[in-house]
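The data block below is upload-v4.txt; it holds compact mmCIF, C-alpha atoms.
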# COMPACT_ATOMS: atom_id res chain seq x y z
CA MET H 1 -5.89 27.30 14.03
CA THR H 2 -6.31 27.84 17.79
CA GLU H 3 -9.79 26.33 17.69
CA VAL H 4 -8.32 23.16 16.21
CA LEU H 5 -5.56 23.02 18.79
CA ASP H 6 -8.16 23.54 21.54
CA SER H 7 -9.67 20.24 20.52
CA TYR H 8 -6.40 18.55 21.42
CA GLN H 9 -8.20 16.07 23.64
CA LEU H 10 -10.19 14.77 20.71
CA LEU H 11 -6.99 14.60 18.67
CA LEU H 12 -5.25 12.64 21.42
CA LYS H 13 -8.16 10.22 21.71
CA GLY H 14 -8.16 9.74 17.96
CA SER H 15 -4.42 9.19 17.83
CA TRP H 16 -4.71 6.59 20.56
CA ILE H 17 -7.30 4.64 18.55
CA THR H 18 -5.12 4.91 15.44
CA ILE H 19 -2.11 3.58 17.35
CA GLN H 20 -4.15 0.76 18.87
CA LEU H 21 -5.43 -0.26 15.45
CA THR H 22 -1.89 -0.17 14.09
CA VAL H 23 -0.58 -2.36 16.91
CA TYR H 24 -3.39 -4.94 16.82
CA GLY H 25 -3.44 -5.00 13.04
CA SER H 26 0.30 -5.49 12.74
CA VAL H 27 0.37 -8.24 15.37
CA LEU H 28 -2.32 -10.14 13.48
CA ALA H 29 -0.56 -9.43 10.17
CA LEU H 30 2.77 -10.64 11.55
CA VAL H 31 1.32 -13.92 12.80
CA LEU H 32 -0.46 -14.55 9.49
CA ALA H 33 2.65 -13.55 7.53
CA VAL H 34 4.87 -16.02 9.38
CA VAL H 35 2.37 -18.89 9.26
CA PHE H 36 1.46 -18.49 5.59
CA GLY H 37 4.97 -17.45 4.57
CA LEU H 38 6.41 -20.65 6.05
CA ALA H 39 3.61 -22.58 4.35
CA GLY H 40 4.84 -21.10 1.08
CA THR H 41 8.28 -22.65 1.52
CA SER H 42 6.91 -26.09 2.37
CA ARG H 43 7.78 -29.09 0.22
CA ASN H 44 4.21 -30.30 0.51
CA ARG H 45 2.22 -29.15 -2.50
CA ALA H 46 -1.07 -28.87 -0.62
CA VAL H 47 0.48 -26.62 2.03
CA ARG H 48 2.01 -24.42 -0.66
CA THR H 49 -1.41 -24.12 -2.32
CA LEU H 50 -2.81 -22.91 0.97
CA ASN H 51 -0.26 -20.09 0.88
CA ARG H 52 -1.17 -19.16 -2.72
CA VAL H 53 -4.89 -19.09 -2.01
CA TYR H 54 -4.48 -16.91 1.08
CA VAL H 55 -2.06 -14.51 -0.60
CA GLU H 56 -3.94 -14.11 -3.88
CA PHE H 57 -7.29 -13.73 -2.19
CA PHE H 58 -6.42 -11.22 0.51
CA ARG H 59 -3.94 -9.27 -1.57
CA GLY H 60 -6.58 -9.09 -4.26
CA THR H 61 -9.45 -7.64 -2.27
CA ALA H 62 -9.41 -3.98 -1.42
CA THR H 63 -9.17 -3.54 2.35
CA LEU H 64 -12.18 -1.25 2.45
CA VAL H 65 -14.31 -3.79 0.56
CA LEU H 66 -13.19 -6.47 3.01
CA MET H 67 -13.99 -4.23 5.96
CA PHE H 68 -17.44 -3.38 4.59
CA TRP H 69 -18.01 -7.03 3.99
CA PHE H 70 -17.21 -7.93 7.60
CA PHE H 71 -19.19 -5.00 8.93
CA TYR H 72 -22.30 -4.90 6.70
CA ALA H 73 -22.57 -8.22 4.89
CA LEU H 74 -21.63 -10.86 7.48
CA PRO H 75 -24.27 -9.84 10.07
CA LEU H 76 -26.84 -11.01 7.50
CA VAL H 77 -25.55 -14.55 7.82
CA GLY H 78 -25.48 -14.30 11.59
CA LEU H 79 -21.84 -13.26 12.14
CA ARG H 80 -21.75 -10.01 14.04
CA PHE H 81 -18.44 -8.29 14.77
CA THR H 82 -17.73 -5.12 16.70
CA PRO H 83 -16.44 -2.38 14.36
CA MET H 84 -13.00 -2.57 15.97
CA PHE H 85 -12.78 -6.32 15.45
CA ALA H 86 -13.94 -6.08 11.82
CA ALA H 87 -11.36 -3.37 11.19
CA VAL H 88 -8.44 -5.23 12.75
CA LEU H 89 -9.44 -8.40 10.92
CA ALA H 90 -9.59 -6.65 7.54
CA LEU H 91 -6.31 -4.79 8.04
CA GLY H 92 -4.49 -7.81 9.45
CA LEU H 93 -5.67 -10.22 6.75
CA ASN H 94 -4.77 -7.79 3.97
CA VAL H 95 -1.33 -6.74 5.21
CA GLY H 96 -0.62 -10.30 6.34
CA ALA H 97 -0.95 -11.42 2.72
CA TYR H 98 1.78 -8.98 1.66
CA GLY H 99 3.83 -10.02 4.67
CA ALA H 100 3.53 -13.71 3.78
CA GLU H 101 5.13 -12.94 0.44
CA VAL H 102 7.92 -11.06 2.20
CA VAL H 103 8.57 -14.01 4.54
CA ARG H 104 8.52 -16.52 1.70
CA GLY H 105 10.76 -14.35 -0.49
CA ALA H 106 13.25 -13.75 2.33
CA ILE H 107 13.56 -17.44 3.20
CA ASN H 108 14.08 -18.31 -0.46
CA ALA H 109 16.69 -15.56 -0.71
CA VAL H 110 18.97 -17.12 1.94
CA PRO H 111 21.93 -18.47 -0.07
CA ARG H 112 21.38 -22.03 -1.22
CA ALA H 113 24.68 -23.18 0.21
CA GLN H 114 23.34 -22.47 3.70
CA TYR H 115 20.46 -24.81 3.05
CA GLU H 116 22.78 -27.47 1.65
CA ALA H 117 24.99 -27.17 4.72
CA THR H 118 22.02 -27.89 6.99
CA ILE H 119 21.41 -31.09 5.04
CA ALA H 120 25.09 -32.02 5.25
CA LEU H 121 24.92 -31.49 9.02
CA ASN H 122 21.82 -33.69 9.16
CA LEU H 123 19.64 -31.07 10.87
CA THR H 124 15.92 -31.77 11.11
CA PRO H 125 13.66 -29.49 9.01
CA ALA H 126 12.60 -27.63 12.16
CA GLN H 127 16.21 -27.09 13.21
CA ARG H 128 17.13 -25.89 9.72
CA MET H 129 14.44 -23.27 9.79
CA ARG H 130 14.93 -22.14 13.39
CA ARG H 131 18.69 -22.11 13.64
CA VAL H 132 19.95 -21.35 10.14
CA LEU H 133 17.42 -20.07 7.62
CA LEU H 134 15.11 -17.87 9.71
CA PRO H 135 17.79 -15.85 11.54
CA GLN H 136 19.29 -14.86 8.20
CA ALA H 137 15.93 -14.31 6.56
CA VAL H 138 14.76 -11.99 9.35
CA ALA H 139 17.43 -9.45 8.41
CA LEU H 140 16.12 -9.46 4.85
CA MET H 141 12.51 -9.13 6.01
CA LEU H 142 12.91 -6.08 8.18
CA PRO H 143 13.04 -3.27 5.59
CA PRO H 144 9.95 -4.47 3.68
CA PHE H 145 8.17 -5.13 6.97
CA GLY H 146 8.90 -1.54 7.93
CA ASN H 147 7.23 -0.34 4.74
CA LEU H 148 4.24 -2.59 5.39
CA LEU H 149 3.91 -1.28 8.94
CA ILE H 150 3.61 2.26 7.61
CA GLU H 151 1.17 1.12 4.91
CA LEU H 152 -0.94 -0.46 7.64
CA MET H 153 -0.83 2.65 9.80
CA LYS H 154 -2.01 4.76 6.85
CA GLY H 155 -4.58 2.09 6.04
CA THR H 156 -6.21 2.51 9.46
CA ALA H 157 -7.68 5.84 8.30
CA ILE H 158 -10.45 3.97 6.48
CA VAL H 159 -11.90 2.63 9.74
CA SER H 160 -13.52 6.04 10.17
CA LEU H 161 -15.92 4.90 7.43
CA ILE H 162 -17.29 2.15 9.69
CA THR H 163 -17.86 4.57 12.58
CA ILE H 164 -14.65 3.98 14.56
CA SER H 165 -13.53 7.25 16.12
CA ASP H 166 -9.90 7.23 15.00
CA LEU H 167 -7.83 10.28 14.06
CA THR H 168 -9.56 10.74 10.69
CA PHE H 169 -13.00 10.42 12.28
CA ARG H 170 -12.08 13.05 14.86
CA ALA H 171 -10.85 15.31 12.09
CA LYS H 172 -14.25 15.25 10.43
CA GLN H 173 -15.86 15.88 13.80
CA ILE H 174 -13.62 18.88 14.57
CA GLN H 175 -14.11 20.19 11.06
CA SER H 176 -17.89 20.24 11.39
CA SER H 177 -17.90 21.69 14.90
CA THR H 178 -15.33 24.47 14.34
CA GLY H 179 -15.71 25.08 10.61
CA GLU H 180 -11.92 25.28 10.42
CA THR H 181 -11.47 23.09 7.37
CA LEU H 182 -7.94 24.00 6.36
CA TRP H 183 -6.25 23.81 9.76
CA THR H 184 -8.07 20.69 10.85
CA PHE H 185 -6.77 18.70 7.93
CA VAL H 186 -3.30 20.24 8.08
CA VAL H 187 -3.00 19.24 11.74
CA ILE H 188 -4.28 15.72 11.05
CA LEU H 189 -1.89 15.21 8.14
CA VAL H 190 1.03 16.38 10.27
CA LEU H 191 -0.02 14.01 13.07
CA TYR H 192 -0.09 11.05 10.69
CA PHE H 193 3.27 12.11 9.29
CA ALA H 194 4.72 12.25 12.79
CA ILE H 195 3.42 8.77 13.63
CA ALA H 196 4.91 7.44 10.40
CA GLN H 197 8.29 9.01 11.15
CA ILE H 198 8.32 7.49 14.64
CA LEU H 199 7.53 4.06 13.20
CA GLN H 200 10.30 4.53 10.68
CA LEU H 201 12.79 5.32 13.44
CA LEU H 202 11.77 2.17 15.31
CA VAL H 203 12.21 0.06 12.17
CA ARG H 204 15.66 1.56 11.47
CA TYR H 205 16.67 0.79 15.05
CA ALA H 206 15.50 -2.82 14.67
CA GLU H 207 17.38 -3.13 11.38
CA ARG H 208 20.61 -1.96 12.99
CA ARG H 209 20.15 -4.34 15.91
CA VAL H 210 19.57 -7.35 13.68
CA ASP H 211 22.44 -6.46 11.37
CA ARG H 212 24.76 -6.21 14.31
CA MET H 213 23.48 -9.50 15.73
CA LEU H 214 24.29 -11.21 12.45
CA GLY H 215 27.60 -9.41 12.14
CA ARG H 216 26.64 -7.54 8.98
CA ARG H 217 27.23 -3.99 8.00
CA PRO H 218 23.94 -2.16 7.68
CA ASP H 219 22.83 -2.07 4.07
CA LYS H 220 21.82 1.37 2.96
CA GLY H 221 19.45 -0.09 0.44
CA ASP H 222 18.91 3.29 -1.08
CA GLY H 223 17.41 3.30 -4.50
CA LYS H 224 17.36 -0.41 -5.15
CA LEU H 225 14.26 -1.39 -7.07
CA SER H 226 14.09 -4.74 -5.30
CA ASP H 227 13.92 -3.12 -1.85
CA LEU H 228 11.22 -0.78 -2.91
CA ALA H 229 9.02 -3.22 -4.74
CA VAL H 230 8.87 -5.59 -1.81
CA GLY H 231 6.93 -3.42 0.57
CA ALA H 232 4.85 -1.66 -1.99
CA PRO H 233 1.09 -1.99 -1.91
CA GLY H 234 -0.06 -4.30 -4.62
CA SER H 235 3.39 -5.42 -5.60
CA GLY H 236 4.11 -9.04 -6.34
CA VAL H 237 6.83 -9.87 -3.90
CA GLY H 238 9.19 -12.78 -4.11
CA MET Q 1 -30.56 -15.67 5.45
CA SER Q 2 -29.32 -17.14 2.22
CA TRP Q 3 -28.17 -15.81 -1.12
CA ASP Q 4 -30.91 -14.18 -3.22
CA TRP Q 5 -30.21 -14.66 -6.94
CA ASN Q 6 -33.12 -12.52 -8.18
CA TYR Q 7 -31.92 -9.62 -6.11
CA THR Q 8 -28.38 -10.15 -7.43
CA GLY Q 9 -29.64 -9.86 -11.00
CA GLU Q 10 -31.50 -6.66 -10.20
CA PHE Q 11 -28.58 -4.66 -8.87
CA LEU Q 12 -25.94 -5.80 -11.36
CA PRO Q 13 -26.53 -2.87 -13.78
CA ASP Q 14 -25.93 -0.41 -10.90
CA LEU Q 15 -22.66 -2.13 -10.09
CA LEU Q 16 -21.59 -2.04 -13.73
CA SER Q 17 -22.02 1.72 -13.91
CA GLY Q 18 -20.08 1.93 -10.64
CA LEU Q 19 -17.37 -0.19 -12.18
CA ARG Q 20 -17.16 2.23 -15.09
CA ILE Q 21 -16.53 5.13 -12.69
CA THR Q 22 -13.92 3.06 -10.86
CA ILE Q 23 -12.08 2.33 -14.11
CA VAL Q 24 -12.22 5.95 -15.28
CA ALA Q 25 -10.93 7.22 -11.91
CA THR Q 26 -8.17 4.62 -11.79
CA LEU Q 27 -6.91 5.25 -15.32
CA LEU Q 28 -6.99 9.05 -15.11
CA GLY Q 29 -5.42 8.96 -11.66
CA TYR Q 30 -2.73 6.64 -12.95
CA LEU Q 31 -1.85 8.94 -15.85
CA LEU Q 32 -1.59 11.83 -13.39
CA ALA Q 33 0.60 9.72 -11.08
CA LEU Q 34 2.93 8.76 -13.93
CA ALA Q 35 3.36 12.37 -15.03
CA LEU Q 36 3.58 13.97 -11.59
CA GLY Q 37 6.00 11.27 -10.42
CA LEU Q 38 8.30 12.23 -13.26
CA VAL Q 39 8.19 15.85 -12.12
CA TRP Q 40 9.19 14.81 -8.56
CA THR Q 41 12.05 12.70 -9.92
CA LEU Q 42 13.39 15.52 -12.05
CA LEU Q 43 13.13 18.03 -9.18
CA ARG Q 44 14.93 15.60 -6.90
CA ARG Q 45 17.79 15.35 -9.37
CA SER Q 46 18.13 19.12 -9.34
CA ARG Q 47 21.61 20.40 -8.51
CA ASN Q 48 20.07 23.02 -6.24
CA PRO Q 49 20.08 21.36 -2.79
CA PHE Q 50 17.09 23.39 -1.61
CA VAL Q 51 14.93 22.15 -4.48
CA SER Q 52 16.03 18.53 -4.19
CA GLN Q 53 15.67 18.37 -0.38
CA THR Q 54 12.29 20.09 -0.37
CA THR Q 55 11.06 17.67 -2.99
CA ARG Q 56 12.35 14.78 -0.91
CA TRP Q 57 10.29 15.89 2.08
CA VAL Q 58 7.20 16.59 0.00
CA VAL Q 59 7.33 13.09 -1.47
CA GLU Q 60 7.98 11.58 1.96
CA PHE Q 61 5.03 13.52 3.36
CA ILE Q 62 2.64 12.41 0.62
CA ARG Q 63 3.83 8.83 1.01
CA SER Q 64 3.38 8.61 4.76
CA THR Q 65 -0.03 10.19 5.19
CA PRO Q 66 -3.29 8.36 4.48
CA LEU Q 67 -4.92 8.63 1.08
CA LEU Q 68 -8.32 9.08 2.72
CA VAL Q 69 -7.23 12.21 4.59
CA GLN Q 70 -5.60 13.55 1.42
CA LEU Q 71 -8.90 13.05 -0.40
CA TYR Q 72 -10.74 14.95 2.33
CA PHE Q 73 -8.13 17.66 2.15
CA ILE Q 74 -8.57 18.12 -1.59
CA PHE Q 75 -12.33 17.86 -1.48
CA PHE Q 76 -13.01 20.08 1.55
CA VAL Q 77 -10.07 22.48 1.69
CA PHE Q 78 -9.67 23.48 -1.94
CA PRO Q 79 -13.15 25.12 -2.07
CA SER Q 80 -12.09 27.58 0.65
CA PHE Q 81 -9.44 28.80 -1.81
CA GLY Q 82 -12.17 29.31 -4.38
CA LEU Q 83 -11.39 26.06 -6.19
CA THR Q 84 -14.49 23.89 -6.04
CA LEU Q 85 -13.98 20.46 -7.51
CA GLY Q 86 -16.49 17.81 -8.41
CA PRO Q 87 -16.14 14.57 -6.41
CA LEU Q 88 -14.71 12.61 -9.32
CA THR Q 89 -12.17 15.33 -10.18
CA ALA Q 90 -11.09 15.57 -6.56
CA GLY Q 91 -10.81 11.79 -6.42
CA VAL Q 92 -8.67 11.59 -9.54
CA ILE Q 93 -6.37 14.33 -8.23
CA GLY Q 94 -6.14 12.59 -4.84
CA LEU Q 95 -5.29 9.20 -6.32
CA GLY Q 96 -2.83 10.74 -8.77
CA LEU Q 97 -1.12 12.86 -6.13
CA HIS Q 98 -0.85 10.01 -3.63
CA PHE Q 99 0.56 7.52 -6.10
CA SER Q 100 2.90 10.06 -7.70
CA ALA Q 101 5.01 9.69 -4.56
CA TYR Q 102 5.33 5.98 -5.28
CA THR Q 103 5.95 6.29 -9.02
CA SER Q 104 8.65 8.88 -8.41
CA GLU Q 105 10.48 6.44 -6.12
CA VAL Q 106 10.15 3.79 -8.82
CA TYR Q 107 11.66 6.06 -11.49
CA ARG Q 108 14.47 7.07 -9.16
CA ALA Q 109 15.27 3.48 -8.23
CA GLY Q 110 15.14 2.46 -11.88
CA ILE Q 111 17.61 5.16 -12.86
CA GLU Q 112 19.92 4.37 -9.95
CA ASP Q 113 19.78 0.67 -10.75
CA VAL Q 114 21.54 1.24 -14.06
CA PRO Q 115 25.08 0.01 -13.42
CA ARG Q 116 27.70 2.69 -12.77
CA GLY Q 117 29.84 1.36 -15.57
CA GLN Q 118 27.19 2.43 -18.06
CA TRP Q 119 27.44 6.03 -16.88
CA GLU Q 120 31.21 5.88 -17.00
CA ALA Q 121 31.06 4.48 -20.52
CA THR Q 122 28.95 7.42 -21.68
CA VAL Q 123 31.57 9.77 -20.26
CA ALA Q 124 34.36 7.79 -21.94
CA LEU Q 125 32.49 7.95 -25.24
CA ASN Q 126 31.88 11.64 -24.72
CA LEU Q 127 28.18 11.28 -25.49
CA PRO Q 128 26.05 14.42 -25.30
CA ARG Q 129 23.60 14.58 -22.39
CA ARG Q 130 20.57 13.95 -24.54
CA ARG Q 131 22.01 10.78 -26.03
CA VAL Q 132 23.15 9.55 -22.61
CA TRP Q 133 19.54 9.51 -21.46
CA GLN Q 134 17.93 8.53 -24.72
CA ASP Q 135 20.24 5.75 -25.82
CA VAL Q 136 21.84 4.41 -22.65
CA ILE Q 137 20.15 5.16 -19.34
CA LEU Q 138 16.41 5.28 -20.10
CA PRO Q 139 16.19 2.08 -22.20
CA GLN Q 140 17.79 0.15 -19.33
CA ALA Q 141 15.85 1.91 -16.61
CA VAL Q 142 12.47 1.52 -18.30
CA ARG Q 143 12.56 -2.25 -18.65
CA LYS Q 144 13.21 -2.66 -14.93
CA VAL Q 145 10.51 -0.24 -13.98
CA VAL Q 146 7.60 -1.52 -16.10
CA PRO Q 147 6.50 -4.43 -13.86
CA THR Q 148 6.70 -2.29 -10.70
CA LEU Q 149 4.62 0.43 -12.33
CA GLY Q 150 2.14 -2.25 -13.32
CA ASN Q 151 1.85 -3.24 -9.68
CA TYR Q 152 1.01 0.31 -8.73
CA LEU Q 153 -1.81 0.37 -11.27
CA ILE Q 154 -3.30 -2.63 -9.45
CA ALA Q 155 -2.69 -0.97 -6.10
CA MET Q 156 -4.46 2.15 -7.25
CA PHE Q 157 -7.42 0.14 -8.47
CA LYS Q 158 -7.66 -1.41 -5.01
CA ASP Q 159 -7.53 1.98 -3.30
CA SER Q 160 -10.23 3.46 -5.52
CA PRO Q 161 -13.11 2.41 -3.18
CA LEU Q 162 -11.94 5.16 -0.81
CA LEU Q 163 -13.48 7.63 -3.24
CA LEU Q 164 -16.89 6.75 -1.84
CA ALA Q 165 -15.93 8.85 1.19
CA ILE Q 166 -16.11 11.96 -0.99
CA ASN Q 167 -19.40 10.93 -2.61
CA VAL Q 168 -18.10 9.31 -5.78
CA ILE Q 169 -20.48 6.49 -6.65
CA GLU Q 170 -17.81 4.04 -7.75
CA LEU Q 171 -18.08 0.28 -7.48
CA LEU Q 172 -18.22 -0.07 -3.68
CA GLY Q 173 -20.23 3.14 -3.41
CA ALA Q 174 -22.83 1.71 -5.78
CA ALA Q 175 -22.99 -1.52 -3.78
CA TYR Q 176 -23.36 0.41 -0.54
CA LYS Q 177 -26.14 2.51 -2.03
CA VAL Q 178 -28.01 -0.57 -3.22
CA GLY Q 179 -27.53 -2.08 0.22
CA THR Q 180 -28.92 0.90 2.11
CA GLU Q 181 -31.97 1.00 -0.16
CA THR Q 182 -32.84 -2.67 0.31
CA LEU Q 183 -31.13 -3.28 3.66
CA ARG Q 184 -29.41 -6.31 2.12
CA PHE Q 185 -25.66 -5.82 2.00
CA LEU Q 186 -24.63 -9.43 1.66
CA GLU Q 187 -25.06 -9.85 -2.09
CA PRO Q 188 -23.84 -6.48 -3.45
CA ILE Q 189 -20.71 -6.29 -1.28
CA THR Q 190 -19.84 -9.93 -1.91
CA VAL Q 191 -20.15 -9.41 -5.66
CA VAL Q 192 -17.88 -6.35 -5.43
CA GLY Q 193 -15.33 -8.31 -3.40
CA LEU Q 194 -15.30 -11.12 -5.95
CA LEU Q 195 -14.88 -8.61 -8.78
CA PHE Q 196 -11.85 -7.14 -7.05
CA VAL Q 197 -10.28 -10.55 -6.53
CA LEU Q 198 -10.94 -11.44 -10.16
CA VAL Q 199 -9.39 -8.26 -11.53
CA SER Q 200 -6.41 -8.48 -9.15
CA VAL Q 201 -5.62 -12.10 -9.94
CA VAL Q 202 -5.85 -11.56 -13.69
CA SER Q 203 -3.75 -8.42 -13.55
CA SER Q 204 -1.09 -9.95 -11.34
CA ILE Q 205 -0.74 -12.74 -13.91
CA ILE Q 206 -0.21 -10.06 -16.55
CA VAL Q 207 2.37 -8.29 -14.39
CA ARG Q 208 4.22 -11.56 -13.82
CA ARG Q 209 4.36 -12.02 -17.60
CA LEU Q 210 5.75 -8.51 -17.96
CA GLU Q 211 8.35 -9.29 -15.30
CA ARG Q 212 9.52 -12.35 -17.15
CA ARG Q 213 9.65 -10.46 -20.41
CA TYR Q 214 11.53 -7.44 -19.14
CA ALA Q 215 13.72 -9.10 -16.53
CA THR Q 216 16.06 -10.70 -19.05
CA TYR Q 217 18.93 -8.66 -20.35
Will you turn the file into structure tokens for me?
Amino acid sequence: MTEVLDSYQLLLKGSWITIQLTVYGSVLALVLAVVFGLAGTSRNRAVRTLNRVYVEFFRGTATLVLMFWFFYALPLVGLRFTPMFAAVLALGLNVGAYGAEVVRGAINAVPRAQYEATIALNLTPAQRMRRVLLPQAVALMLPPFGNLLIELMKGTAIVSLITISDLTFRAKQIQSSTGETLWTFVVILVLYFAIAQILQLLVRYAERRVDRMLGRRPDKGDGKLSDLAVGAPGSGVG
Amino acid sequence: MSWDWNYTGEFLPDLLSGLRITIVATLLGYLLALALGLVWTLLRRSRNPFVSQTTRWVVEFIRSTPLLVQLYFIFFVFPSFGLTLGPLTAGVIGLGLHFSAYTSEVYRAGIEDVPRGQWEATVALNLPRRRVWQDVILPQAVRKVVPTLGNYLIAMFKDSPLLLAINVIELLGAAYKVGTETLRFLEPITVVGLLFVLVSVVSSIIVRRLERRYATY
């Protein structure tokens, strides 16, 4: 136990990489989710197809396969990424595909009357989206986005397999240098759990803020199948 | 460097045996997840607050820590308690344990989604406990839960490549092995990627069918 805690510097370094990966990955995922999610609500058939292709493809591939592909296969055709870049790309593309479904589903879930009112008021499509539909959709998106954020954070553990020295990588390192198998992995699991709980607190805070901004009472959302399915890995959202 | 078709033909049999391991691990892990998830759900419904709260935290813990680290834990830590597991066994237990946290949430949500009036009606009709579950609650809960559970089967299939980290030669592991032997990763990993997309697209079509079939009351 003490030997593991003595390696706290390695643990800190690893945690920092894990947090960095989570931040970069989720920023990329968020951008992709908004772009492709909006594409999914377009009236233009070609644009909607773009959304389907992106979502089906990147939700369909396993993240680790994608990461290996970027890291091992692409250099053979002349595209060479740093491990960090390959990892962020794989995580962002994968989680972004789930996020795009969340965005699309949330926009479609805004009551139809709101949409009709924007037409009655003669708003332009951009105004409709920006001033009426998106603000209401954002409140619906937050809980599933929170789940996705935690999925992404957990997903970062696989980067240790392409030589990035994140928390999991450090765990293996500490395990082989100290021989303390049990405590190393207990400590690592607890660290991941702590990071997840902190992320959850941040998401709850954001949910409360947005609900208050929109003048809604916070929805407890406990035990509703629809809430749960939305952020789940591999679930068809929308 | 361009695609080498001869090479692709040569390694396909290796990938197929990898695929077999992937399927075995996914199905066994899924069965374990379905069963263990039920145990969590029942424990959470316990009237003893200690049991139900502890279960809540256990499930939350399993759900918010990475599958990869859990696999390492099972594979490396269990032997120090005198329980040495083969890679595939450890992998199946890891997948099953990890996804049991998800299935248990699905069961719970399914049960809680049954309208309150249905519970009240069973009280009004004075139905015995067994018939409440068997004839009223479960039939309604199950039809809502089936598509979601189907999604988790797909999710588990997509997480199965992580098993290569504990030396299971599943699909991606087989591709990686072929790649290290020939120093050509392009073809094997691309083929694996395409296989995953194929299986996921087909299975999500099936799940969507299930949704349509079970969604109507």
For Q:Glu187, work out the shell of residues within 9 Å, counting all atoms listed in the file and skipping chain neighbours fewer than 3 positions away, then give it as a VMD selection string.
(chain H and resid 73) or (chain Q and resid 3 to 5 7 to 8 175 179 184 190 to 192)
Would you mind exporting the chosen residues as a short mmCIF file (atom, residue, chain, number, x, y, z; two decimals), keeping the file's coordinate frame, restricted to C-alpha atoms?
data_model
loop_
_atom_site.label_atom_id
_atom_site.label_comp_id
_atom_site.auth_asym_id
_atom_site.auth_seq_id
_atom_site.Cartn_x
_atom_site.Cartn_y
_atom_site.Cartn_z
CA ALA H 73 -22.57 -8.22 4.89
CA TRP Q 3 -28.17 -15.81 -1.12
CA ASP Q 4 -30.91 -14.18 -3.22
CA TRP Q 5 -30.21 -14.66 -6.94
CA TYR Q 7 -31.92 -9.62 -6.11
CA THR Q 8 -28.38 -10.15 -7.43
CA ALA Q 175 -22.99 -1.52 -3.78
CA GLY Q 179 -27.53 -2.08 0.22
CA ARG Q 184 -29.41 -6.31 2.12
CA THR Q 190 -19.84 -9.93 -1.91
CA VAL Q 191 -20.15 -9.41 -5.66
CA VAL Q 192 -17.88 -6.35 -5.43
#
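If you measure from each of Q:Thr54, Q:Ser104, Q:Ser64, Q:Thr22 to H:Glu151 using all atoms listed in the file, the closest one turns out to be Q:Ser64.
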For H:Gly60, please output as a PyMOL selection string all residues within 6 Å (counting only C-alpha atoms; exclusion window: fewer than 4 positions along the same chain).
(chain H and resi 56) or (chain Q and resi 197+200)
Would you mind reading off the distance between atom CA of Q:Val114 and atom CA of Q:Ile137, one decimal, in Å?
6.7 Å
Show me which bits of chain Q are within 6 Å of chain H, counting all atoms listed in the file, as number ranges by chain.
Q: 1, 64-66, 77, 109, 151, 155, 158, 185-186, 189, 196-197, 200
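Of the listed residues H:Leu140, H:Val31, H:Ala100, H:Met213, the one whose atoms come nearest to H:Arg52 is H:Ala100, with distances taken using only C-alpha atoms.
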Could you name the residues that touch Q:Leu149 at 8 Å or less, counting all atoms listed in the file, but leaving out those on the same chain fewer than 4 positions away, as a ChimeraX atom specification?
/Q:103,106,145,153
Distance of atom CA of Q:Trp40 from atom CA of Q:Val132, expressed in Å to one decimal place:
20.5 Å
Compile the contact shell of H:Gln20 as a PyMOL selection string: residues with an atom at most 10 Å away, counting all atoms listed in the file, same-chain residues fewer than 3 positions apart removed.
chain H and resi 14-17+23-26+84+88+153+156+166
What gap, in Å, lies between atom CA of Q:Arg212 and atom CA of Q:Gly150?
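Separating atom CA of Q:Arg212 from atom CA of Q:Gly150 is a distance of 13.1 Å.
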Using all atoms listed in the file, which of the listed residues (Q:Gln140, Q:Thr182, Q:Thr148, Q:Ser80) sits closest to Q:Glu10?
Q:Thr182
Please provide the set of residues having any atom within 12 Å of Q:Trp119, restricted to only C-alpha atoms, with same-chain residues fewer than 4 positions apart removed, written as a ChimeraX atom specification.
/Q:111-115,123-129,131-133,135-138,140
Pick from H:Asn44, H:Asn94, H:Ser7, H:Thr2 nearest to H:Leu32, counting all atoms listed in the file
H:Asn94
Of Q:Val146, Q:Leu194, Q:Gly91, Q:Tyr214, the one nearest to Q:Thr26 when counting only C-alpha atoms is Q:Gly91
Among listed residues Q:Ser46, Q:Gln70, Q:Ser160, Q:Gln53, nearest Q:Ile21 (using all atoms listed in the file)
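Answer, going by the shortest atom-to-atom distance: Q:Ser160.
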